[in-house]
file my_file34.csv (CSV, C-alpha atoms)
chain,number,residue,atom,x,y,z
D,1,MET,CA,122.1,59.4,157.8
D,2,LYS,CA,122.7,62.1,155.2
D,3,THR,CA,121.4,64.8,157.6
D,4,HIS,CA,123.8,63.7,160.3
D,5,ARG,CA,126.7,63.8,157.8
D,6,SER,CA,125.7,67.3,156.6
D,7,LEU,CA,125.4,68.5,160.2
D,8,GLY,CA,128.9,67.1,160.9
D,9,ASN,CA,130.4,68.8,157.8
D,10,ILE,CA,128.8,72.1,158.9
D,11,LEU,CA,130.2,71.8,162.4
D,12,ARG,CA,133.7,71.0,161.1
D,13,THR,CA,133.5,74.0,158.8
D,14,LEU,CA,132.5,76.3,161.7
D,15,LEU,CA,135.3,74.9,163.8
D,16,VAL,CA,137.9,75.6,161.0
D,17,CYS,CA,136.5,79.2,160.6
D,18,LEU,CA,136.8,79.8,164.4
D,19,LEU,CA,140.4,78.5,164.4
D,20,LEU,CA,141.3,80.8,161.4
D,21,GLN,CA,139.8,83.8,163.1
D,22,GLY,CA,141.7,83.1,166.2
D,23,SER,CA,145.0,82.8,164.2
D,24,VAL,CA,144.3,86.1,162.4
D,25,ALA,CA,143.6,87.8,165.8
D,26,ILE,CA,146.9,86.4,167.2
D,27,VAL,CA,148.9,87.6,164.1
D,28,LYS,CA,147.2,91.0,164.3
D,29,ALA,CA,148.1,91.4,167.9
D,30,GLN,CA,151.7,90.4,167.2
D,31,SER,CA,152.0,92.9,164.4
D,32,GLN,CA,151.0,95.7,166.8
D,33,GLN,CA,154.0,94.9,169.0
D,34,GLY,CA,157.6,96.0,168.5
D,35,ASP,CA,160.4,94.0,166.9
D,36,TYR,CA,162.1,93.7,170.3
D,37,PHE,CA,160.9,91.9,173.4
D,38,VAL,CA,162.3,90.5,176.6
D,39,GLU,CA,161.4,87.0,177.9
D,40,ASN,CA,162.8,85.1,180.8
D,41,GLY,CA,165.6,87.6,181.1
D,42,ILE,CA,166.7,87.4,177.5
D,43,ALA,CA,166.3,90.1,174.8
D,44,PHE,CA,165.0,89.1,171.4
D,45,TYR,CA,164.8,90.8,168.0
D,46,ARG,CA,162.2,89.3,165.8
D,47,GLY,CA,162.3,86.1,167.8
D,48,GLU,CA,166.1,85.7,167.8
D,49,PRO,CA,168.0,86.2,171.0
D,50,PHE,CA,170.9,88.7,170.8
D,51,GLY,CA,173.6,90.3,172.9
D,52,ASN,CA,174.2,90.7,176.6
D,53,VAL,CA,171.6,93.4,177.1
D,54,ASP,CA,171.3,95.5,180.2
D,55,LEU,CA,167.7,94.7,180.8
D,56,PRO,CA,166.9,97.4,183.4
D,57,THR,CA,167.8,100.1,181.0
D,58,PHE,CA,166.8,98.5,177.7
D,59,ILE,CA,164.3,100.4,175.6
D,60,GLU,CA,163.1,100.1,172.0
D,61,LEU,CA,163.3,103.3,170.0
D,62,GLY,CA,161.5,102.2,166.9
D,63,PHE,CA,162.5,101.6,163.2
D,64,GLY,CA,164.8,98.8,164.2
D,65,TYR,CA,166.7,100.7,166.8
D,66,ALA,CA,167.0,100.1,170.6
D,67,LYS,CA,169.5,100.9,173.3
D,68,ASP,CA,170.5,100.3,176.9
D,69,ARG,CA,173.0,102.1,179.1
D,70,TYR,CA,176.0,100.5,177.3
D,71,ASN,CA,175.0,100.1,173.6
D,72,VAL,CA,172.8,101.2,170.8
D,73,TYR,CA,171.3,98.3,168.7
D,74,PHE,CA,170.1,98.2,165.1
D,75,ARG,CA,168.2,95.1,164.0
D,76,GLY,CA,169.5,93.3,167.1
D,77,GLU,CA,173.2,94.1,166.4
D,78,ILE,CA,175.4,96.5,168.3
D,79,MET,CA,176.3,99.7,166.5
D,80,GLU,CA,180.0,100.4,167.1
D,81,PHE,CA,181.3,103.8,168.2
D,82,VAL,CA,177.8,105.1,169.0
D,83,ASP,CA,177.2,106.7,172.4
D,84,PRO,CA,173.9,105.4,173.9
D,85,LEU,CA,173.7,108.3,176.4
D,86,THR,CA,173.3,110.9,173.6
D,87,PHE,CA,171.7,108.8,170.9
D,88,ARG,CA,168.1,109.6,170.0
D,89,LEU,CA,166.0,109.5,166.9
D,90,LYS,CA,164.7,112.7,165.2
D,91,VAL,CA,161.4,110.9,164.5
D,92,PRO,CA,158.4,110.0,166.7
D,93,GLN,CA,159.2,107.0,168.8
D,94,TRP,CA,157.5,103.6,168.8
D,95,PRO,CA,154.7,102.7,168.6
D,96,GLN,CA,153.8,104.1,165.2
D,97,PRO,CA,150.1,103.7,164.3
D,98,ASP,CA,150.9,103.5,160.6
D,99,TYR,CA,153.8,101.0,161.0
D,100,ASP,CA,153.9,98.6,158.1
D,101,ASP,CA,156.9,96.3,157.7
D,102,SER,CA,156.5,96.0,153.9
D,103,TYR,CA,156.6,99.8,153.7
D,104,TYR,CA,160.1,99.9,155.3
D,105,ASP,CA,161.3,97.0,153.2
D,106,SER,CA,160.4,98.9,150.1
D,107,GLY,CA,163.2,101.3,150.6
D,108,ASP,CA,162.2,103.8,153.2
D,109,TYR,CA,165.2,105.6,154.6
D,110,ARG,CA,164.4,104.7,158.1
D,111,ARG,CA,164.9,101.0,157.4
D,112,SER,CA,167.3,100.6,154.5
D,113,GLY,CA,168.7,104.1,153.9
D,114,TYR,CA,169.6,107.2,155.9
D,115,MET,CA,168.7,108.0,159.5
D,116,VAL,CA,169.5,111.3,161.1
D,117,THR,CA,169.9,111.4,164.8
D,118,SER,CA,170.8,114.3,167.1
D,119,ASN,CA,174.5,113.7,166.8
D,120,ALA,CA,175.1,111.4,163.8
D,121,VAL,CA,173.9,110.4,160.4
D,122,LEU,CA,173.6,106.7,159.6
D,123,PHE,CA,173.1,104.6,156.5
D,124,ARG,CA,171.8,101.1,157.0
D,125,GLY,CA,172.8,101.2,160.6
D,126,ARG,CA,176.4,102.4,160.0
D,127,ILE,CA,177.7,105.9,160.7
D,128,VAL,CA,178.2,108.2,157.7
D,129,GLU,CA,181.7,109.5,158.2
D,130,LYS,CA,182.0,113.3,158.4
D,131,ALA,CA,178.3,113.9,157.8
D,132,ASN,CA,176.7,116.9,159.5
D,133,PRO,CA,173.3,116.0,161.0
D,134,ASP,CA,172.2,119.6,161.3
D,135,SER,CA,172.5,120.3,157.5
D,136,PHE,CA,172.1,116.8,156.2
D,137,LYS,CA,169.4,116.4,153.5
D,138,GLU,CA,168.4,113.2,151.7
D,139,LEU,CA,167.8,113.7,148.0
D,140,GLY,CA,166.4,110.3,146.9
D,141,GLY,CA,168.0,107.3,145.2
D,142,GLU,CA,170.5,106.9,148.1
D,143,TYR,CA,172.0,110.3,147.3
D,144,ALA,CA,172.3,113.0,150.1
D,145,ARG,CA,174.2,116.1,150.9
D,146,ASP,CA,175.1,118.4,153.7
D,147,THR,CA,176.8,121.8,153.8
D,148,PHE,CA,180.2,120.4,152.9
D,149,ARG,CA,179.9,117.1,151.1
D,150,ALA,CA,177.8,114.9,148.8
D,151,TYR,CA,177.0,111.3,149.6
D,152,TYR,CA,175.9,108.1,147.8
D,153,MET,CA,174.9,105.1,149.8
D,154,GLY,CA,176.5,106.6,152.9
D,155,ARG,CA,179.9,107.2,151.2
D,156,ILE,CA,181.4,110.5,150.3
D,157,MET,CA,181.3,111.4,146.7
D,158,GLU,CA,184.8,112.7,146.0
D,159,ASN,CA,185.1,116.2,144.4
D,160,ALA,CA,181.3,116.5,144.1
D,161,ASN,CA,179.9,120.0,144.7
D,162,PRO,CA,177.0,119.4,147.2
D,163,ASP,CA,175.3,122.8,146.7
D,164,ALA,CA,173.4,122.1,143.6
D,165,LEU,CA,173.3,118.3,143.7
D,166,HIS,CA,169.9,116.9,143.0
D,167,TYR,CA,168.4,113.5,142.1
D,168,LEU,CA,167.2,112.9,138.6
D,169,GLY,CA,165.9,109.4,138.9
D,170,GLU,CA,166.9,105.8,137.9
D,171,GLY,CA,170.3,106.2,139.7
D,172,TYR,CA,171.2,109.5,138.1
D,173,ALA,CA,172.0,112.7,139.9
D,174,ALA,CA,173.5,116.0,138.7
D,175,ASN,CA,175.0,119.3,140.0
D,176,THR,CA,176.2,122.4,138.2
D,177,PHE,CA,179.2,120.7,136.5
D,178,ARG,CA,178.7,116.9,136.6
D,179,VAL,CA,176.2,114.1,136.0
D,180,TYR,CA,176.5,111.0,138.2
D,181,TYR,CA,175.2,107.4,138.0
D,182,MET,CA,175.1,105.4,141.2
D,183,GLY,CA,177.5,107.9,142.7
D,184,LYS,CA,180.1,107.9,139.9
D,185,ILE,CA,180.8,110.5,137.3
D,186,VAL,CA,179.2,110.0,133.9
D,187,GLU,CA,182.0,110.9,131.6
D,188,GLN,CA,181.4,113.7,129.1
D,189,ALA,CA,177.7,114.1,130.2
D,190,ASN,CA,176.4,117.7,130.0
D,191,PRO,CA,174.2,118.5,133.1
D,192,ASP,CA,172.6,121.4,131.3
D,193,SER,CA,171.0,119.3,128.6
D,194,PHE,CA,171.0,115.9,130.4
D,195,LYS,CA,167.6,114.2,130.6
D,196,LEU,CA,166.3,110.7,131.4
D,197,LEU,CA,164.6,108.5,128.8
D,198,GLN,CA,163.6,105.1,130.2
D,199,ASN,CA,164.9,101.7,131.4
D,200,GLY,CA,168.3,103.1,132.3
D,201,TYR,CA,168.8,105.2,129.2
D,202,ALA,CA,169.5,109.0,129.2
D,203,GLU,CA,170.8,111.6,126.7
D,204,ASP,CA,172.2,115.1,126.4
D,205,THR,CA,172.8,117.3,123.4
D,206,PHE,CA,175.7,115.1,122.2
D,207,HIS,CA,175.5,111.6,123.5
D,208,THR,CA,173.2,108.8,124.6
D,209,TYR,CA,173.9,106.9,127.8
D,210,TYR,CA,172.9,103.5,129.3
D,211,ARG,CA,173.3,103.0,133.0
D,212,GLY,CA,175.9,105.7,133.2
D,213,LYS,CA,178.0,104.6,130.2
D,214,LYS,CA,178.1,106.4,126.9
D,215,VAL,CA,176.8,104.3,124.0
D,216,ASN,CA,177.4,106.7,121.1
call {"tool": "encode", "arguments": {"input": "my_file34.csv", "output": "structure tokens"}}
result
Amino acid sequence: MKTHRSLGNILRTLLVCLLLQGSVAIVKAQSQQGDYFVENGIAFYRGEPFGNVDLPTFIELGFGYAKDRYNVYFRGEIMEFVDPLTFRLKVPQWPQPDYDDSYYDSGDYRRSGYMVTSNAVLFRGRIVEKANPDSFKELGGEYARDTFRAYYMGRIMENANPDALHYLGEGYAANTFRVYYMGKIVEQANPDSFKLLQNGYAEDTFHTYYRGKKVN
């Protein structure tokens, strides 16, 4: 009797292992597909139906983008004022062998920051007004610049000289004349002697700062 019970337990364990292996194989196969797919004449993004897509011309571009003859889509939503006829990515198209969803969620510019196309610059799926894609350069920490302007989180930094703007870390950036924290001027900060400390603190020759505010 004990032998039969032991054999039954072994068989049940083997069955569970086989089912788990099958589930892993299914998940792995799904992870190798794109975020977009079409089923029964309906377009889906990550399993959610969206839009009135023109299916004969619909194509996934990668990194959350797709388009048809009428619209460009980002994460399943129509991007307003974007021409699908000229829109393309300046990065290799899907599929990407090293695609890892957690990587993009960690702050990669292609998912949560800047994207440069042939005729526009976008930040989190929205056009960056007046940005020049030919000279646009991402600096880190959501800062960027082109020939004429400096940007933070896709918005123009007023009266900021873009030429020497560089990212320092922990939300701080500086150019020849100013220091910035999260895109705003740090009053009285001296860019020549300004340096980061840790945990949001920084200092220059005369003052100490915490998250962009002078504390002494």
call {"tool": "residues_around", "arguments": {"input": "my_file34.csv", "residues": "Ser118 (chain D)", "least_positions_apart": "2", "cutoff": "10 Å", "atoms": "all atoms listed in the file", "output": "PyMOL selection string"}}
result
chain D and resi 86-90+116+120-121+132-134
call {"tool": "atom_distance", "arguments": {"input": "my_file34.csv", "atom1": "CA of Val38 (chain D)", "atom2": "CA of Phe74 (chain D)"}}
result
15.9 Å
call {"tool": "residues_around", "arguments": {"input": "my_file34.csv", "residues": "region 170-175 of chain D", "least_positions_apart": "6", "cutoff": "10 Å", "atoms": "all atoms listed in the file", "output": "ChimeraX atom specification"}}
result
/D:139-143,152,160-164,181-186,189-192,194-202,211-212
call {"tool": "atom_distance", "arguments": {"input": "my_file34.csv", "atom1": "CA of Ala66 (chain D)", "atom2": "CA of Gly34 (chain D)"}}
result
10.5 Å
call {"tool": "residues_near_point", "arguments": {"input": "my_file34.csv", "point": "(178.6, 113.6, 156.1)", "cutoff": "12 Å", "atoms": "all atoms listed in the file", "output": "VMD selection string"}}
result
chain D and resid 114 to 116 119 to 123 127 to 138 143 to 158 162
call {"tool": "atom_distance", "arguments": {"input": "my_file34.csv", "atom1": "CA of Tyr65 (chain D)", "atom2": "CA of Gly47 (chain D)"}}
result
15.3 Å
call {"tool": "closest_residue", "arguments": {"input": "my_file34.csv", "among": "D:Asn40, D:Thr117, D:Thr57, D:Gln188", "to": "Val82 (chain D)", "atoms": "only C-alpha atoms"}}
result
D:Thr117
call {"tool": "residues_near_point", "arguments": {"input": "my_file34.csv", "point": "(171.0, 100.7, 179.7)", "cutoff": "10 Å", "atoms": "all atoms listed in the file", "output": "PyMOL selection string"}}
result
chain D and resi 53-59+66-72+84-85
call {"tool": "write_last_selection", "arguments": {"input": "my_file34.csv", "atoms": "C-alpha atoms", "output": "JSON list (two decimals), in the coordinates of the input"}}
result
[["chain", "number", "residue", "atom", "x", "y", "z"],
["D", 53, "VAL", "CA", 171.60, 93.40, 177.10],
["D", 54, "ASP", "CA", 171.30, 95.50, 180.20],
["D", 55, "LEU", "CA", 167.70, 94.70, 180.80],
["D", 56, "PRO", "CA", 166.90, 97.40, 183.40],
["D", 57, "THR", "CA", 167.80, 100.10, 181.00],
["D", 58, "PHE", "CA", 166.80, 98.50, 177.70],
["D", 59, "ILE", "CA", 164.30, 100.40, 175.60],
["D", 66, "ALA", "CA", 167.00, 100.10, 170.60],
["D", 67, "LYS", "CA", 169.50, 100.90, 173.30],
["D", 68, "ASP", "CA", 170.50, 100.30, 176.90],
["D", 69, "ARG", "CA", 173.00, 102.10, 179.10],
["D", 70, "TYR", "CA", 176.00, 100.50, 177.30],
["D", 71, "ASN", "CA", 175.00, 100.10, 173.60],
["D", 72, "VAL", "CA", 172.80, 101.20, 170.80],
["D", 84, "PRO", "CA", 173.90, 105.40, 173.90],
["D", 85, "LEU", "CA", 173.70, 108.30, 176.40]]
call {"tool": "residues_around", "arguments": {"input": "my_file34.csv", "residues": "Arg75 (chain D)", "least_positions_apart": "4", "cutoff": "9 Å", "atoms": "only C-alpha atoms", "output": "number ranges by chain"}}
result
D: 35-36, 45-46, 63-66, 125
